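First up is the structure itself, then whatever we jot down about it.
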Amino acid sequence: MGKHNEFGKEGEQIASDLLLEKGYTIHCRNYRYLKAEIDIIAEKDGVLAIVEVRARSNDQIIPIADTITKKKIKLLVMAANTYVTENKLNVEVRFDIIAILKNKQLFKVDHLEAAFYHF
């Protein structure tokens, strides 16, 4: 496995741990539907959080949250709708981003709730 893949998995674990610390229940990780993948699906207080994890090891000019394209949002919405329908859930759905910036061995983690909307 490449170093970037290892760091991606590490980032997803850090994000999952953060959500658990905040009182979320993790429904699943790496949910796939057609060409879409949701990194983490978590729930807290009747809100289903569809979480996109973005991990970087350098601080580039473009903010991590701005790297999510309209196409990616469309895929996330499609996958989230399918997940909610398949599991017959009656919940509010929110799209979050957890941005992780690694600087040497230190991690800066930001949880952006309702980072984007699906309409």
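Labels used: A, B, ... for chains in the order of the structure tokens, numbers from 1 for residues in each chain, and numbers from 1 for ligands as shown.
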
- [ ] Within 12 Å of Phe95 in chain A, counting only C-alpha atoms, which residues show up once you throw out same-chain ones fewer than 3 positions away? Write them as a PyMOL selection string, please.
- [x] chain A and resi 38-43+47-53+65+68+72-74+76-77+79-81+92+98+111-119

TODO: Pick out each residue of range 11-94 of chain A that DSSP on the backbone tags as strand (DSSP E or B); I need them as a PyMOL selection string.
DONE: chain A and resi 25-33+36-44+47-56+92-94

Write the selection just made, keeping N, CA and C atoms, as a PDB file, in the first residue's frame?
```
ATOM      1  N   THR A  25     -22.387   7.883  16.830  1.00  0.00           N
ATOM      2  CA  THR A  25     -22.347   6.448  16.571  1.00  0.00           C
ATOM      3  C   THR A  25     -21.933   6.287  15.118  1.00  0.00           C
ATOM      4  N   ILE A  26     -20.943   5.452  14.870  1.00  0.00           N
ATOM      5  CA  ILE A  26     -20.494   5.206  13.499  1.00  0.00           C
ATOM      6  C   ILE A  26     -21.364   4.105  12.894  1.00  0.00           C
ATOM      7  N   HIS A  27     -22.072   4.430  11.821  1.00  0.00           N
ATOM      8  CA  HIS A  27     -22.878   3.427  11.111  1.00  0.00           C
ATOM      9  C   HIS A  27     -21.974   2.570  10.230  1.00  0.00           C
ATOM     10  N   CYS A  28     -21.124   3.218   9.456  1.00  0.00           N
ATOM     11  CA  CYS A  28     -20.199   2.472   8.611  1.00  0.00           C
ATOM     12  C   CYS A  28     -19.122   3.390   8.061  1.00  0.00           C
ATOM     13  N   ARG A  29     -18.083   2.756   7.559  1.00  0.00           N
ATOM     14  CA  ARG A  29     -16.983   3.467   6.911  1.00  0.00           C
ATOM     15  C   ARG A  29     -16.829   2.929   5.500  1.00  0.00           C
ATOM     16  N   ASN A  30     -16.449   3.813   4.590  1.00  0.00           N
ATOM     17  CA  ASN A  30     -16.194   3.455   3.200  1.00  0.00           C
ATOM     18  C   ASN A  30     -17.402   2.791   2.532  1.00  0.00           C
ATOM     19  N   TYR A  31     -18.563   3.403   2.718  1.00  0.00           N
ATOM     20  CA  TYR A  31     -19.787   2.926   2.066  1.00  0.00           C
ATOM     21  C   TYR A  31     -19.701   3.255   0.582  1.00  0.00           C
ATOM     22  N   ARG A  32     -19.943   2.245  -0.242  1.00  0.00           N
ATOM     23  CA  ARG A  32     -19.850   2.423  -1.689  1.00  0.00           C
ATOM     24  C   ARG A  32     -21.203   2.181  -2.345  1.00  0.00           C
ATOM     25  N   TYR A  33     -21.489   3.064  -3.297  1.00  0.00           N
ATOM     26  CA  TYR A  33     -22.657   2.895  -4.143  1.00  0.00           C
ATOM     27  C   TYR A  33     -22.264   3.372  -5.536  1.00  0.00           C
ATOM     28  N   ALA A  36     -19.661   6.118  -6.198  1.00  0.00           N
ATOM     29  CA  ALA A  36     -19.564   6.990  -5.029  1.00  0.00           C
ATOM     30  C   ALA A  36     -19.022   6.228  -3.826  1.00  0.00           C
ATOM     31  N   GLU A  37     -18.294   6.957  -2.980  1.00  0.00           N
ATOM     32  CA  GLU A  37     -17.851   6.396  -1.707  1.00  0.00           C
ATOM     33  C   GLU A  37     -18.008   7.454  -0.628  1.00  0.00           C
ATOM     34  N   ILE A  38     -18.646   7.059   0.465  1.00  0.00           N
ATOM     35  CA  ILE A  38     -18.763   7.915   1.637  1.00  0.00           C
ATOM     36  C   ILE A  38     -17.740   7.411   2.642  1.00  0.00           C
ATOM     37  N   ASP A  39     -16.864   8.296   3.089  1.00  0.00           N
ATOM     38  CA  ASP A  39     -15.808   7.887   4.015  1.00  0.00           C
ATOM     39  C   ASP A  39     -16.382   7.388   5.338  1.00  0.00           C
ATOM     40  N   ILE A  40     -17.272   8.184   5.938  1.00  0.00           N
ATOM     41  CA  ILE A  40     -17.861   7.807   7.226  1.00  0.00           C
ATOM     42  C   ILE A  40     -19.324   8.223   7.245  1.00  0.00           C
ATOM     43  N   ILE A  41     -20.167   7.330   7.737  1.00  0.00           N
ATOM     44  CA  ILE A  41     -21.566   7.657   8.011  1.00  0.00           C
ATOM     45  C   ILE A  41     -21.741   7.508   9.513  1.00  0.00           C
ATOM     46  N   ALA A  42     -22.117   8.612  10.161  1.00  0.00           N
ATOM     47  CA  ALA A  42     -22.243   8.630  11.613  1.00  0.00           C
ATOM     48  C   ALA A  42     -23.552   9.311  12.001  1.00  0.00           C
ATOM     49  N   GLU A  43     -24.008   9.046  13.225  1.00  0.00           N
ATOM     50  CA  GLU A  43     -25.268   9.633  13.666  1.00  0.00           C
ATOM     51  C   GLU A  43     -25.141  10.154  15.085  1.00  0.00           C
ATOM     52  N   LYS A  44     -25.803  11.285  15.316  1.00  0.00           N
ATOM     53  CA  LYS A  44     -25.879  11.855  16.661  1.00  0.00           C
ATOM     54  C   LYS A  44     -27.150  12.684  16.745  1.00  0.00           C
ATOM     55  N   VAL A  47     -29.434  13.075  13.712  1.00  0.00           N
ATOM     56  CA  VAL A  47     -28.851  13.649  12.499  1.00  0.00           C
ATOM     57  C   VAL A  47     -27.823  12.670  11.950  1.00  0.00           C
ATOM     58  N   LEU A  48     -27.994  12.307  10.687  1.00  0.00           N
ATOM     59  CA  LEU A  48     -27.047  11.424  10.016  1.00  0.00           C
ATOM     60  C   LEU A  48     -26.001  12.291   9.336  1.00  0.00           C
ATOM     61  N   ALA A  49     -24.760  12.146   9.763  1.00  0.00           N
ATOM     62  CA  ALA A  49     -23.663  12.928   9.187  1.00  0.00           C
ATOM     63  C   ALA A  49     -22.969  12.098   8.124  1.00  0.00           C
ATOM     64  N   ILE A  50     -22.965  12.618   6.912  1.00  0.00           N
ATOM     65  CA  ILE A  50     -22.227  12.039   5.803  1.00  0.00           C
ATOM     66  C   ILE A  50     -20.893  12.781   5.805  1.00  0.00           C
ATOM     67  N   VAL A  51     -19.825  12.070   6.144  1.00  0.00           N
ATOM     68  CA  VAL A  51     -18.553  12.734   6.412  1.00  0.00           C
ATOM     69  C   VAL A  51     -17.519  12.423   5.327  1.00  0.00           C
ATOM     70  N   GLU A  52     -17.018  13.478   4.725  1.00  0.00           N
ATOM     71  CA  GLU A  52     -15.913  13.379   3.773  1.00  0.00           C
ATOM     72  C   GLU A  52     -14.640  13.732   4.548  1.00  0.00           C
ATOM     73  N   VAL A  53     -13.680  12.839   4.529  1.00  0.00           N
ATOM     74  CA  VAL A  53     -12.410  13.068   5.232  1.00  0.00           C
ATOM     75  C   VAL A  53     -11.382  13.527   4.209  1.00  0.00           C
ATOM     76  N   ARG A  54     -10.743  14.648   4.493  1.00  0.00           N
ATOM     77  CA  ARG A  54      -9.685  15.174   3.634  1.00  0.00           C
ATOM     78  C   ARG A  54      -8.431  15.300   4.470  1.00  0.00           C
ATOM     79  N   ALA A  55      -7.405  14.551   4.111  1.00  0.00           N
ATOM     80  CA  ALA A  55      -6.151  14.557   4.863  1.00  0.00           C
ATOM     81  C   ALA A  55      -5.016  15.005   3.947  1.00  0.00           C
ATOM     82  N   ARG A  56      -4.212  15.885   4.477  1.00  0.00           N
ATOM     83  CA  ARG A  56      -3.050  16.391   3.725  1.00  0.00           C
ATOM     84  C   ARG A  56      -1.850  16.434   4.636  1.00  0.00           C
ATOM     85  N   GLU A  92     -32.570  13.385   9.754  1.00  0.00           N
ATOM     86  CA  GLU A  92     -32.066  14.537   9.019  1.00  0.00           C
ATOM     87  C   GLU A  92     -30.680  14.162   8.507  1.00  0.00           C
ATOM     88  N   VAL A  93     -30.339  14.576   7.304  1.00  0.00           N
ATOM     89  CA  VAL A  93     -29.021  14.266   6.730  1.00  0.00           C
ATOM     90  C   VAL A  93     -28.219  15.556   6.612  1.00  0.00           C
ATOM     91  N   ARG A  94     -26.969  15.477   7.040  1.00  0.00           N
ATOM     92  CA  ARG A  94     -26.067  16.626   6.990  1.00  0.00           C
ATOM     93  C   ARG A  94     -24.749  16.166   6.364  1.00  0.00           C
TER      94      ARG A  94
END
```

- [ ] Determine, counting only C-alpha atoms, which protein, DNA and RNA residues have an atom within 7 Å of an atom of Val109 in chain A; residues of the same chain fewer than 4 positions away are not included. Present the result as a PyMOL selection string.
- [x] chain A and resi 98-101

TODO: Go ahead and compute the interatomic distance for CA of Leu18 in chain A and CA of Lys104 in chain A, in Å to one decimal.
DONE: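 Rounded to one decimal, the two atoms are 19.9 Å apart.
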
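With only C-alpha atoms as the atoms that count, the minimum distance from Gly11 in chain A to the choices A:Thr82, A:Asn90, A:Ser57, A:Thr69 is reached by A:Ser57.
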